[in-house]
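Next comes my_file23.txt, with compact mmCIF, C-alpha atoms and all ligand atoms.
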# COMPACT_ATOMS: atom_id res chain seq x y z
CA MET A 33 -14.99 -73.28 2.60
CA LEU A 34 -15.20 -76.37 4.75
CA SER A 35 -18.02 -76.64 7.26
CA ALA A 36 -16.86 -76.90 10.88
CA PRO A 37 -17.93 -80.52 11.46
CA ALA A 38 -16.27 -81.66 8.23
CA ALA A 39 -13.07 -79.83 9.14
CA ALA A 40 -13.06 -81.58 12.50
CA PHE A 41 -12.66 -84.93 10.75
CA ASN A 42 -10.02 -83.79 8.29
CA ASP A 43 -7.08 -86.16 8.61
CA GLY A 44 -4.89 -83.95 6.42
CA ARG A 45 -4.15 -86.58 3.81
CA PRO A 46 -4.05 -85.51 0.15
CA GLN A 47 -7.22 -86.66 -1.62
CA ARG A 48 -8.21 -87.26 -5.22
CA PRO A 49 -11.51 -85.61 -6.30
CA ILE A 50 -14.35 -87.55 -4.73
CA GLU A 51 -15.98 -88.44 -8.05
CA SER A 52 -12.85 -90.30 -9.07
CA ARG A 53 -12.54 -91.95 -5.66
CA LEU A 54 -16.14 -93.13 -5.87
CA GLU A 55 -15.78 -93.99 -9.57
CA MET A 56 -18.76 -91.90 -10.61
CA SER A 57 -19.21 -88.79 -12.70
CA ARG A 58 -19.45 -85.36 -11.04
CA ARG A 59 -23.10 -85.23 -12.10
CA SER A 60 -23.84 -88.63 -10.52
CA PHE A 61 -22.08 -87.60 -7.32
CA LEU A 62 -24.17 -84.43 -7.05
CA GLN A 63 -27.31 -86.43 -7.84
CA PHE A 64 -26.36 -88.84 -5.06
CA CYS A 65 -25.96 -85.90 -2.62
CA ALA A 66 -29.32 -84.48 -3.70
CA THR A 67 -30.96 -87.89 -3.18
CA LEU A 68 -29.52 -88.17 0.32
CA ALA A 69 -30.57 -84.59 1.17
CA THR A 70 -34.08 -85.37 -0.08
CA THR A 71 -34.17 -88.63 1.89
CA LEU A 72 -33.29 -86.61 4.99
CA GLY A 73 -36.08 -84.13 4.24
CA LEU A 74 -33.60 -81.23 4.21
CA PRO A 75 -34.37 -77.93 2.50
CA LYS A 76 -33.07 -76.98 -0.92
CA GLY A 77 -29.36 -76.19 -0.86
CA ALA A 78 -28.45 -78.79 1.79
CA GLU A 79 -27.06 -81.04 -0.94
CA ALA A 80 -24.24 -78.54 -1.51
CA ALA A 81 -23.19 -78.71 2.15
CA MET A 82 -23.32 -82.49 1.99
CA ALA A 83 -21.23 -82.61 -1.18
CA GLN A 84 -18.72 -80.28 0.45
CA ALA A 85 -18.54 -82.41 3.60
CA MET A 86 -18.05 -85.62 1.63
CA GLU A 87 -15.52 -84.04 -0.71
CA ALA A 88 -13.36 -82.95 2.17
CA ALA A 89 -10.86 -85.39 3.61
CA GLN A 90 -13.05 -86.11 6.59
CA ARG A 91 -12.92 -89.73 7.56
CA PRO A 92 -14.58 -90.40 10.90
CA SER A 93 -13.31 -93.59 12.46
CA VAL A 94 -16.01 -96.28 12.66
CA ILE A 95 -15.93 -99.29 14.98
CA TRP A 96 -18.51 -101.88 13.82
CA LEU A 97 -19.45 -104.70 16.21
CA HIS A 98 -21.31 -107.92 15.36
CA PHE A 99 -23.36 -109.93 17.82
CA GLN A 100 -26.51 -112.10 17.53
CA GLU A 101 -27.60 -111.66 13.89
CA CYS A 102 -27.40 -113.06 10.38
CA THR A 103 -25.03 -110.39 8.94
CA GLY A 104 -27.87 -109.26 6.70
CA CYS A 105 -27.27 -105.63 7.71
CA THR A 106 -23.74 -105.71 6.35
CA GLU A 107 -24.89 -107.73 3.34
CA SER A 108 -27.55 -105.17 2.48
CA MET A 109 -24.92 -102.43 2.67
CA LEU A 110 -22.70 -104.39 0.30
CA ARG A 111 -25.56 -104.56 -2.18
CA ALA A 112 -26.14 -100.79 -2.09
CA GLU A 113 -25.07 -98.74 -5.08
CA HIS A 114 -24.13 -95.08 -5.54
CA PRO A 115 -21.71 -95.62 -3.88
CA THR A 116 -21.15 -99.17 -2.74
CA LEU A 117 -20.16 -99.79 0.84
CA GLU A 118 -16.65 -100.69 -0.24
CA LYS A 119 -16.24 -97.20 -1.69
CA LEU A 120 -17.91 -95.65 1.32
CA ILE A 121 -15.49 -97.53 3.55
CA LEU A 122 -12.45 -96.42 1.61
CA ASP A 123 -13.44 -92.83 0.89
CA VAL A 124 -15.99 -91.46 3.31
CA ILE A 125 -15.48 -93.28 6.59
CA SER A 126 -12.46 -94.98 8.08
CA LEU A 127 -13.66 -98.46 9.02
CA ASP A 128 -11.18 -99.37 11.70
CA TYR A 129 -12.88 -102.51 12.97
CA HIS A 130 -15.42 -104.80 11.27
CA GLU A 131 -15.33 -108.52 12.00
CA THR A 132 -17.03 -109.64 8.78
CA LEU A 133 -15.06 -107.54 6.34
CA PHE A 134 -11.62 -107.75 7.91
CA ALA A 135 -9.21 -110.29 6.43
CA ALA A 136 -7.18 -110.31 9.63
CA ALA A 137 -8.37 -111.99 12.83
CA GLY A 138 -7.51 -112.60 16.45
CA HIS A 139 -5.22 -110.40 18.54
CA GLN A 140 -4.20 -108.35 15.48
CA VAL A 141 -7.70 -106.89 14.92
CA GLU A 142 -8.44 -106.53 18.61
CA ALA A 143 -5.28 -104.42 18.84
CA ALA A 144 -6.41 -102.39 15.80
CA ARG A 145 -9.75 -101.71 17.49
CA LYS A 146 -8.13 -100.54 20.71
CA ALA A 147 -5.62 -98.37 18.85
CA ALA A 148 -8.39 -96.70 16.80
CA MET A 149 -10.47 -96.07 19.91
CA GLU A 150 -7.49 -94.46 21.65
CA ARG A 151 -6.48 -92.39 18.61
CA HIS A 152 -10.03 -91.11 17.95
CA LYS A 153 -11.21 -90.91 21.56
CA GLY A 154 -14.51 -89.03 21.74
CA LYS A 155 -14.77 -88.74 17.95
CA TYR A 156 -15.38 -92.22 16.53
CA LEU A 157 -18.76 -93.68 15.58
CA LEU A 158 -19.77 -96.98 17.14
CA VAL A 159 -22.06 -99.10 14.96
CA VAL A 160 -23.58 -102.21 16.52
CA GLU A 161 -25.15 -104.96 14.41
CA GLY A 162 -27.00 -107.76 16.19
CA ALA A 163 -28.78 -108.27 19.50
CA ILE A 164 -27.04 -108.55 22.85
CA PRO A 165 -27.69 -111.64 24.99
CA THR A 166 -28.02 -110.80 28.68
CA ARG A 167 -29.01 -114.14 30.24
CA ASP A 168 -26.42 -116.04 32.34
CA GLY A 169 -24.05 -113.12 32.39
CA GLY A 170 -24.15 -112.67 28.62
CA ILE A 171 -22.12 -115.84 27.88
CA TYR A 172 -24.10 -116.67 24.72
CA CYS A 173 -22.12 -114.26 22.55
CA LYS A 174 -18.43 -113.64 23.12
CA VAL A 175 -15.77 -112.08 20.87
CA GLY A 176 -12.10 -112.11 21.89
CA ASN A 177 -13.17 -113.61 25.23
CA GLN A 178 -15.37 -110.60 26.03
CA THR A 179 -19.14 -110.79 26.20
CA ALA A 180 -21.22 -108.65 23.84
CA ILE A 181 -22.25 -106.60 26.90
CA GLU A 182 -18.65 -105.91 27.91
CA LEU A 183 -17.52 -105.09 24.38
CA THR A 184 -20.44 -102.74 23.70
CA ARG A 185 -19.92 -100.85 26.95
CA GLU A 186 -16.18 -100.61 26.38
CA CYS A 187 -16.56 -99.29 22.82
CA ALA A 188 -19.48 -96.96 23.62
CA LYS A 189 -17.67 -95.21 26.48
CA ASP A 190 -15.63 -92.86 24.28
CA ALA A 191 -17.76 -92.92 21.11
CA ALA A 192 -19.08 -89.64 19.68
CA ALA A 193 -22.32 -91.44 18.81
CA VAL A 194 -23.76 -94.94 18.86
CA ILE A 195 -25.81 -96.33 15.96
CA ALA A 196 -27.74 -99.60 16.30
CA ILE A 197 -28.13 -100.98 12.79
CA GLY A 198 -30.90 -103.52 12.12
CA SER A 199 -33.83 -104.64 14.25
CA CYS A 200 -31.67 -107.04 16.30
CA ALA A 201 -29.45 -104.24 17.59
CA SER A 202 -32.37 -101.80 17.81
CA TRP A 203 -34.71 -103.81 20.05
CA GLY A 204 -33.71 -107.48 19.95
CA GLY A 205 -35.31 -108.39 16.60
CA MET A 206 -35.39 -112.04 15.64
CA PRO A 207 -33.05 -113.31 18.42
CA ALA A 208 -35.45 -111.81 20.97
CA THR A 209 -38.45 -113.73 19.61
CA ASP A 210 -40.45 -115.45 22.34
CA PRO A 211 -39.27 -117.35 24.41
CA ASN A 212 -36.00 -115.44 23.87
CA PRO A 213 -33.74 -118.15 25.34
CA THR A 214 -30.62 -115.95 25.52
CA GLY A 215 -32.32 -112.83 26.94
CA ALA A 216 -31.48 -110.88 23.76
CA VAL A 217 -32.00 -107.09 23.95
CA GLY A 218 -31.21 -104.01 21.87
CA VAL A 219 -28.14 -101.84 22.45
CA GLY A 220 -30.11 -99.09 24.22
CA LYS A 221 -31.04 -101.49 27.04
CA ILE A 222 -27.44 -101.92 28.22
CA LEU A 223 -26.09 -98.38 27.71
CA ASN A 224 -26.71 -95.16 29.57
CA LYS A 225 -26.37 -92.96 26.52
CA PRO A 226 -28.56 -92.18 23.50
CA VAL A 227 -28.59 -94.73 20.70
CA VAL A 228 -29.81 -93.94 17.18
CA THR A 229 -31.60 -97.00 15.81
CA ILE A 230 -31.96 -97.98 12.16
CA PRO A 231 -34.32 -100.97 12.41
CA GLY A 232 -35.26 -103.26 9.55
CA CYS A 233 -34.34 -106.85 8.86
CA PRO A 234 -32.33 -105.96 6.97
CA PRO A 235 -32.38 -102.17 7.34
CA ASN A 236 -32.37 -99.98 4.29
CA PRO A 237 -28.74 -99.04 3.60
CA TYR A 238 -29.74 -95.54 2.46
CA ASN A 239 -31.16 -94.80 5.89
CA PHE A 240 -27.80 -95.67 7.39
CA LEU A 241 -25.85 -93.75 4.73
CA ALA A 242 -28.07 -90.70 5.15
CA THR A 243 -27.58 -90.83 8.94
CA VAL A 244 -23.78 -91.02 8.61
CA VAL A 245 -23.68 -88.25 6.00
CA HIS A 246 -25.85 -86.09 8.28
CA PHE A 247 -23.23 -86.64 10.99
CA LEU A 248 -20.44 -85.73 8.56
CA THR A 249 -22.19 -82.60 7.34
CA PHE A 250 -23.66 -81.18 10.52
CA GLY A 251 -21.60 -82.87 13.24
CA SER A 252 -24.74 -84.34 14.78
CA LEU A 253 -27.12 -87.24 14.22
CA PRO A 254 -30.59 -86.52 12.81
CA PRO A 255 -33.70 -85.98 14.99
CA VAL A 256 -35.26 -89.24 16.20
CA ASP A 257 -38.56 -90.61 17.53
CA ALA A 258 -39.16 -92.21 20.95
CA GLN A 259 -37.53 -95.45 19.79
CA GLY A 260 -34.42 -93.62 18.56
CA ARG A 261 -35.38 -93.96 14.88
CA PRO A 262 -34.48 -91.05 12.57
CA LEU A 263 -37.67 -89.17 11.76
CA PHE A 264 -36.68 -88.71 8.13
CA ALA A 265 -37.07 -92.47 7.63
CA TYR A 266 -39.57 -93.64 10.24
CA SER A 267 -42.18 -90.92 10.65
CA ARG A 268 -44.67 -92.35 8.16
CA LEU A 269 -46.49 -95.68 8.12
CA VAL A 270 -45.62 -98.04 5.27
CA HIS A 271 -49.37 -97.97 4.56
CA GLU A 272 -49.29 -94.20 3.93
CA ASN A 273 -47.00 -94.44 0.92
CA CYS A 274 -47.80 -97.94 -0.34
CA GLU A 275 -48.41 -98.28 -4.06
CA ARG A 276 -51.35 -100.64 -3.29
CA ARG A 277 -53.07 -98.14 -1.01
CA ALA A 278 -55.62 -97.18 -3.64
CA HIS A 279 -56.77 -100.83 -3.68
CA TYR A 280 -57.06 -100.84 0.11
CA ASP A 281 -59.20 -97.72 0.00
CA ALA A 282 -61.36 -99.22 -2.75
CA GLY A 283 -61.76 -102.54 -0.91
CA ARG A 284 -59.83 -104.68 -3.38
CA PHE A 285 -57.83 -107.36 -1.57
CA ALA A 286 -55.78 -110.46 -2.35
CA LEU A 287 -57.31 -113.25 -0.27
CA ALA A 288 -54.77 -115.99 -1.00
CA PHE A 289 -51.30 -116.10 -2.50
CA GLY A 290 -51.65 -116.57 -6.24
CA ASP A 291 -55.36 -115.76 -6.43
CA ASP A 292 -56.80 -113.33 -8.94
CA GLY A 293 -56.45 -110.33 -6.60
CA HIS A 294 -52.86 -111.22 -5.77
CA ARG A 295 -51.93 -111.48 -9.43
CA LYS A 296 -53.60 -108.13 -10.11
CA GLY A 297 -51.55 -106.42 -7.42
CA TYR A 298 -54.38 -105.81 -4.95
CA CYS A 299 -53.85 -104.86 -1.33
CA LEU A 300 -52.24 -107.53 0.89
CA TYR A 301 -53.95 -106.52 4.13
CA LYS A 302 -55.96 -109.74 4.35
CA LEU A 303 -52.81 -111.79 3.89
CA GLY A 304 -51.47 -110.20 7.08
CA CYS A 305 -49.72 -107.10 5.75
CA LYS A 306 -48.47 -105.07 8.74
CA GLY A 307 -47.99 -101.87 6.73
CA PRO A 308 -50.86 -100.15 8.60
CA GLU A 309 -48.96 -100.39 11.92
CA THR A 310 -45.33 -100.19 10.76
CA TYR A 311 -43.30 -97.01 10.46
CA ALA A 312 -40.71 -97.14 7.65
CA ASN A 313 -39.89 -95.56 4.29
CA CYS A 314 -39.56 -98.81 2.31
CA PRO A 315 -42.14 -97.84 -0.38
CA THR A 316 -40.42 -94.54 -1.11
CA VAL A 317 -36.74 -95.48 -0.83
CA LEU A 318 -36.92 -99.09 -2.13
CA PHE A 319 -34.06 -101.58 -1.90
CA GLY A 320 -31.00 -102.45 -3.90
CA ASP A 321 -31.30 -99.92 -6.74
CA ALA A 322 -32.88 -102.63 -8.87
CA GLY A 323 -35.80 -100.54 -10.13
CA ALA A 324 -39.48 -100.14 -9.29
CA GLY A 325 -41.25 -102.51 -6.92
CA THR A 326 -38.12 -103.63 -5.08
CA TRP A 327 -39.57 -103.83 -1.60
CA PRO A 328 -41.60 -106.55 0.16
CA VAL A 329 -45.11 -105.42 -0.85
CA GLY A 330 -43.87 -104.44 -4.31
CA CYS A 331 -42.73 -108.05 -4.75
CA GLY A 332 -46.13 -109.40 -3.66
CA HIS A 333 -45.33 -110.26 -0.03
CA PRO A 334 -47.09 -108.62 2.91
CA CYS A 335 -44.99 -106.35 5.09
CA ILE A 336 -44.13 -108.33 8.26
CA GLY A 337 -43.43 -105.16 10.27
CA CYS A 338 -39.72 -105.81 10.53
CA THR A 339 -38.94 -102.25 11.69
CA GLU A 340 -41.52 -102.25 14.47
CA GLU A 341 -40.94 -103.67 17.93
CA GLY A 342 -43.93 -105.76 18.99
CA VAL A 343 -44.95 -106.40 15.38
CA GLY A 344 -42.04 -107.94 13.45
CA PHE A 345 -41.11 -111.40 14.79
CA SER A 346 -43.84 -111.06 17.42
CA LYS A 347 -47.20 -111.04 15.65
CA PRO A 348 -48.14 -114.09 13.58
CA ILE A 349 -47.45 -113.47 9.89
CA HIS A 350 -51.09 -113.84 8.82
CA MET A 351 -52.67 -111.96 11.74
CA LEU A 352 -54.48 -108.83 10.58
CA ALA A 353 -52.67 -105.58 11.33
CA LYS A 354 -53.99 -102.99 13.75
CA VAL A 355 -55.03 -100.16 11.45
CA LYS A 356 -53.64 -96.98 12.96
CA ASN A 357 -54.63 -94.52 10.29
CA VAL A 358 -57.13 -95.04 7.49
CA GLU A 359 -57.81 -91.41 6.77
CA PRO A 360 -55.54 -89.25 4.62
CA PRO A 361 -53.10 -87.23 6.76
CA ALA A 362 -54.52 -83.95 8.12
CA LEU A 363 -51.94 -82.03 6.11
CA TYR A 364 -53.71 -82.93 2.86
CA PRO A 365 -55.91 -80.09 1.63
CA ALA A 366 -59.60 -80.72 1.22
CA ILE A 367 -60.77 -81.41 -2.32
CA HIS A 368 -63.07 -78.37 -2.31
CA GLU A 369 -61.39 -75.52 -0.44
CA ALA A 370 -62.90 -72.04 -0.22
CA GLN A 371 -60.48 -69.45 -1.52
CA GLY A 372 -58.17 -68.01 1.14
CA GLN A 373 -58.99 -70.68 3.73
CA GLY A 374 -57.30 -73.85 4.86
CA ALA A 375 -54.09 -75.36 3.60
CA THR A 376 -53.04 -75.14 -0.01
CA LEU A 377 -51.14 -77.97 -1.63
CA GLY A 378 -48.04 -75.78 -1.63
CA SER A 379 -48.25 -74.89 2.05
CA ALA A 380 -48.89 -78.54 2.92
CA ALA A 381 -45.75 -79.48 1.01
CA VAL A 382 -43.72 -76.83 2.82
CA LEU A 383 -45.07 -77.99 6.18
CA ALA A 384 -44.25 -81.57 5.30
CA ALA A 385 -40.70 -80.60 4.33
CA VAL A 386 -40.19 -78.58 7.49
CA ALA A 387 -41.48 -81.49 9.56
CA GLY A 388 -38.93 -83.72 7.87
CA ALA A 389 -41.62 -85.85 6.27
CA ALA A 390 -40.44 -88.79 4.20
CA ALA A 391 -39.15 -87.45 0.94
CA GLY A 392 -40.81 -88.45 -2.26
CA ALA A 393 -44.10 -89.22 -0.56
CA GLY A 394 -45.99 -86.74 -2.70
CA ALA A 395 -44.46 -88.09 -5.87
CA MET A 396 -45.22 -91.65 -4.83
CA PHE A 397 -48.79 -90.71 -3.98
CA ALA A 398 -49.30 -89.17 -7.40
CA ARG A 399 -47.59 -92.07 -9.11
CA ASN A 400 -49.60 -94.67 -7.22
CA LEU A 401 -52.89 -93.05 -8.01
CA GLY A 402 -52.18 -93.21 -11.68
CA LYS A 403 -50.52 -96.44 -12.49
CA GLN A 404 -52.30 -99.41 -10.97
CA HIS A 405 -54.12 -101.60 -13.42
CA ALA A 406 -56.15 -98.87 -15.03
CA ALA A 407 -56.84 -100.90 -18.14
CA ALA A 408 -57.62 -104.12 -16.27
CA GLU A 409 -59.95 -102.31 -13.93
CA ALA A 410 -61.85 -100.71 -16.79
CA ALA A 411 -62.56 -104.14 -18.25
CA ALA A 412 -63.32 -105.88 -14.97
CA LYS A 413 -66.67 -106.08 -13.22
CA PRO A 414 -67.19 -103.55 -10.38
CA ALA A 415 -65.18 -104.64 -7.34
CA GLN A 416 -66.88 -105.38 -4.05
CA ARG A 417 -65.38 -104.53 -0.70
CA GLU A 418 -64.63 -107.84 0.99
CA ASP A 419 -65.51 -108.35 4.59
CA ALA A 420 -62.77 -109.45 6.95
FE1 LIG B 1 -29.80 -110.04 9.98
FE2 LIG B 1 -28.59 -107.66 10.94
FE3 LIG B 1 -32.00 -108.98 10.46
FE4 LIG B 1 -30.69 -108.69 12.51
O1 LIG B 1 -29.89 -107.14 9.99
S1 LIG B 1 -31.03 -108.92 8.46
S2 LIG B 1 -31.16 -110.78 11.62
S3 LIG B 1 -31.94 -107.12 11.70
O2 LIG B 1 -28.99 -107.80 12.74
O3 LIG B 1 -28.02 -109.19 10.21
FE1 LIG B 2 -50.04 -101.63 1.14
FE2 LIG B 2 -50.20 -103.38 3.08
FE3 LIG B 2 -51.43 -101.03 3.31
FE4 LIG B 2 -52.35 -102.86 1.61
S1 LIG B 2 -52.28 -103.03 3.88
S2 LIG B 2 -52.07 -100.68 1.20
S3 LIG B 2 -50.45 -103.83 0.87
S4 LIG B 2 -49.24 -101.38 3.22
FE1 LIG B 3 -39.75 -104.55 6.70
FE2 LIG B 3 -42.23 -104.07 6.04
FE3 LIG B 3 -40.31 -102.60 5.04
S1 LIG B 3 -41.29 -106.05 6.30
S2 LIG B 3 -38.61 -104.04 4.87
S3 LIG B 3 -40.92 -102.72 7.17
S4 LIG B 3 -42.15 -103.27 3.98

What's the structure tokens form of this structure?
Amino acid sequence: MLSAPAAAFNDGRPQRPIESRLEMSRRSFLQFCATLATTLGLPKGAEAAMAQAMEAAQRPSVIWLHFQECTGCTESMLRAEHPTLEKLILDVISLDYHETLFAAAGHQVEAARKAAMERHKGKYLLVVEGAIPTRDGGIYCKVGNQTAIELTRECAKDAAAVIAIGSCASWGGMPATDPNPTGAVGVGKILNKPVVTIPGCPPNPYNFLATVVHFLTFGSLPPVDAQGRPLFAYSRLVHENCERRAHYDAGRFALAFGDDGHRKGYCLYKLGCKGPETYANCPTVLFGDAGAGTWPVGCGHPCIGCTEEGVGFSKPIHMLAKVKNVEPPALYPAIHEAQGQGATLGSAAVLAAVAGAAAGAGAMFARNLGKQHAAAEAAAKPAQREDA
């Protein structure tokens, strides 16, 4: 039985089974759904509704605009696996306008955009990539002789929902860096309707996929924070789930790139890591499906706070982060708990799930505690906490 939102998108065309359309086994497809459901922090069983919604012939029309940016958002989507964006485009959404991926150009694609907007009035998704220049009437970015401001307003008017992908579209990002010569702003600044933001430079493609699949499955976008960021992805500091956190707590820091601490995988706080003031799920979701450690800190580079307005592209790279939270979250049970009092590990986990806490955090926490340089540490002299 098709869920109501999925049925609403059904275009009635005969479809092959989704696993053959996505060129993956049934098992892999269901694993993919379970991963997305977990990423969203949804309760057990939600993966079945997601699989059902994706299996149906629902293909929401998507209009994707490009403004001031490097196209890294689209590039990061193209590098996603399970499934790749190409397969997502062909089988899950109907990408009716995308300047980078379209072979056609000029009046032909502008006509395609207008036709899609008319045909799917009130039902299409508008995705905006890149910042919007507002200075001098917005003349610093024009497409088809329309300014980015005009195009965004025109396309947003009849959209079911607006998604700003990347930090540029979310709050200005790199183009808005001081002195911001073009007056670049995020999409929310020029629209009078809610905008879901997926910041990151580039953003994690799974956060975008999970947001779109949530829309497909439930007919609505996921709950967001004050900046419009989905809570499932941006409710925890990078620092809370970082695999180097044990070193931070123990006072073991890299003090220079390539020094002994850096080579041992110590905490990067003193190299300017902004993880303590940046909300994102990078350490738990990782990038590019290339295995463990595939995120900035995992590769040995401090987090620059690319998802956080006022941090990424604003604070100097080597400036020390403002530490927002050094204590374990209050949801963690005490080590010694009297029987029948306080939170148990199980109830904390349930609370975290209900609150939509970043999935996998518990597993990462356990994994991080165990794996870091146990042998090297045993042989090394006792570490001293370094003063800032
Ligand atoms: Fe680039 Fe996107 Fe950064 Fe911006 O991602 S990766 S400059 S967020 O708009 O293309
Ligand atoms: Fe990880 Fe950075 Fe926090 Fe250190 S300061 S634990 S490297 S997020
Ligand atoms: Fe950006 Fe920091 Fe994640 S730099 S990609 S928020 S680790």

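The shortest atom-to-atom distance to A:Pro315, with all atoms listed in the file taken into account, belongs to A:Asn273 out of A:Ser126, A:Thr249, A:Asn273, A:Ser346.
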
Report task. Could you tell me how far atom CA of A:Ala312 lies from atom CA of A:Met86, in Å and to one decimal? Result -> 26.1 Å

Using all atoms of stretch 214-232 of chain A that appear in the file, construct an axis-aligned enclosing box with 3 Å of padding on every side and provide its centre coordinates and edge lengths in Å, rounded to one decimal, as AutoDock Vina command-line options.
--center_x -30.7 --center_y -104.1 --center_z 19.6 --size_x 15.2 --size_y 29.8 --size_z 26.0

Query raised in the report: Using all atoms listed in the file, which residues sit within 12 Å of A:Arg58 once same-chain residues fewer than 6 positions away are excluded, as a VMD selection string?
Result: chain A and resid 49 to 52 64 to 65 83 87

Report task. Name each residue within 6 Å of ligand LIG 1 (chain B), counting only C-alpha atoms and all ligand atoms, as a list in words. Result -> Glu101, Cys102, Thr103, Gly104, Cys105, Glu161, Gly162, Gly198, Ser199, Cys200, Met206, Gly232, Cys233 and Pro234 of chain A

Residues just named, written with C-alpha atoms as a compact mmCIF listing (two decimals), in the coordinates of the input:
# COMPACT_ATOMS: atom_id res chain seq x y z
CA GLU A 101 -27.60 -111.66 13.89
CA CYS A 102 -27.40 -113.06 10.38
CA THR A 103 -25.03 -110.39 8.94
CA GLY A 104 -27.87 -109.26 6.70
CA CYS A 105 -27.27 -105.63 7.71
CA GLU A 161 -25.15 -104.96 14.41
CA GLY A 162 -27.00 -107.76 16.19
CA GLY A 198 -30.90 -103.52 12.12
CA SER A 199 -33.83 -104.64 14.25
CA CYS A 200 -31.67 -107.04 16.30
CA MET A 206 -35.39 -112.04 15.64
CA GLY A 232 -35.26 -103.26 9.55
CA CYS A 233 -34.34 -106.85 8.86
CA PRO A 234 -32.33 -105.96 6.97

For the contact check between chain A and ligand LIG 3 (chain B), emit one row per residue of chain A within 6 Å, containing the shortest atom pair and the distance in Å rounded to one decimal, counting all atoms listed in the file, chain then rising number order, as CSV.
residue,atom,partner,partner_atom,distance
A:Gly232,CA,B:LIG3,FE1,5.5
A:Ala312,CA,B:LIG3,S3,5.6
A:Cys314,CA,B:LIG3,FE3,4.7
A:Pro328,CA,B:LIG3,S4,5.1
A:Cys335,CA,B:LIG3,FE2,3.7
A:Ile336,CA,B:LIG3,S1,4.1
A:Gly337,CA,B:LIG3,FE2,4.5
A:Cys338,CA,B:LIG3,FE1,4.0
A:Thr339,CA,B:LIG3,S3,5.0

Report task. Determine, counting all atoms listed in the file, which protein, DNA and RNA residues have an atom within 10 Å of an atom of A:Cys173; residues of the same chain fewer than 3 positions away are not included. Present the result as a list in words. Result -> His98, Phe99, Gln100, Ala163, Ile164, Pro165, Thr166, Gly170, Asn177, Gln178, Thr179, Ala180, Ile181 and Thr214 of chain A

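Among A:Leu157, A:Ala288, A:Met82, A:Val124, the residue with the shortest atom-to-atom distance to A:Ala66, counting only C-alpha atoms, is A:Met82.
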
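Considering the residues A:Ile349, A:Gln63, A:Val227, A:Met109 and counting all atoms listed in the file, A:Phe319 has its shortest atom-to-atom contact with A:Met109.
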
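Using all atoms listed in the file, the residues found no farther than 10 Å from stretch 135-149 of chain A, other than those of its own chain fewer than 3 positions away, are A:Ser93, A:Val94, A:Ile95, A:Trp96, A:Ser126, A:Leu127, A:Asp128, A:Tyr129, A:His130, A:Glu131, A:Thr132, A:His152, A:Lys153, A:Gly154, A:Lys155, A:Tyr156, A:Leu157, A:Leu158, A:Val175, A:Gly176, A:Glu186, A:Cys187, A:Ala188, A:Lys189, A:Asp190, A:Ala191.
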
Requested in this report: Kindly provide, as a VMD selection string, all nucleotide and amino acid residues lying within 9 Å of ligand LIG 2 (chain B), counting all atoms listed in the file.
Outcome: chain A and resid 269 to 281 285 297 to 310 315 329 to 330 332 to 335 353 355
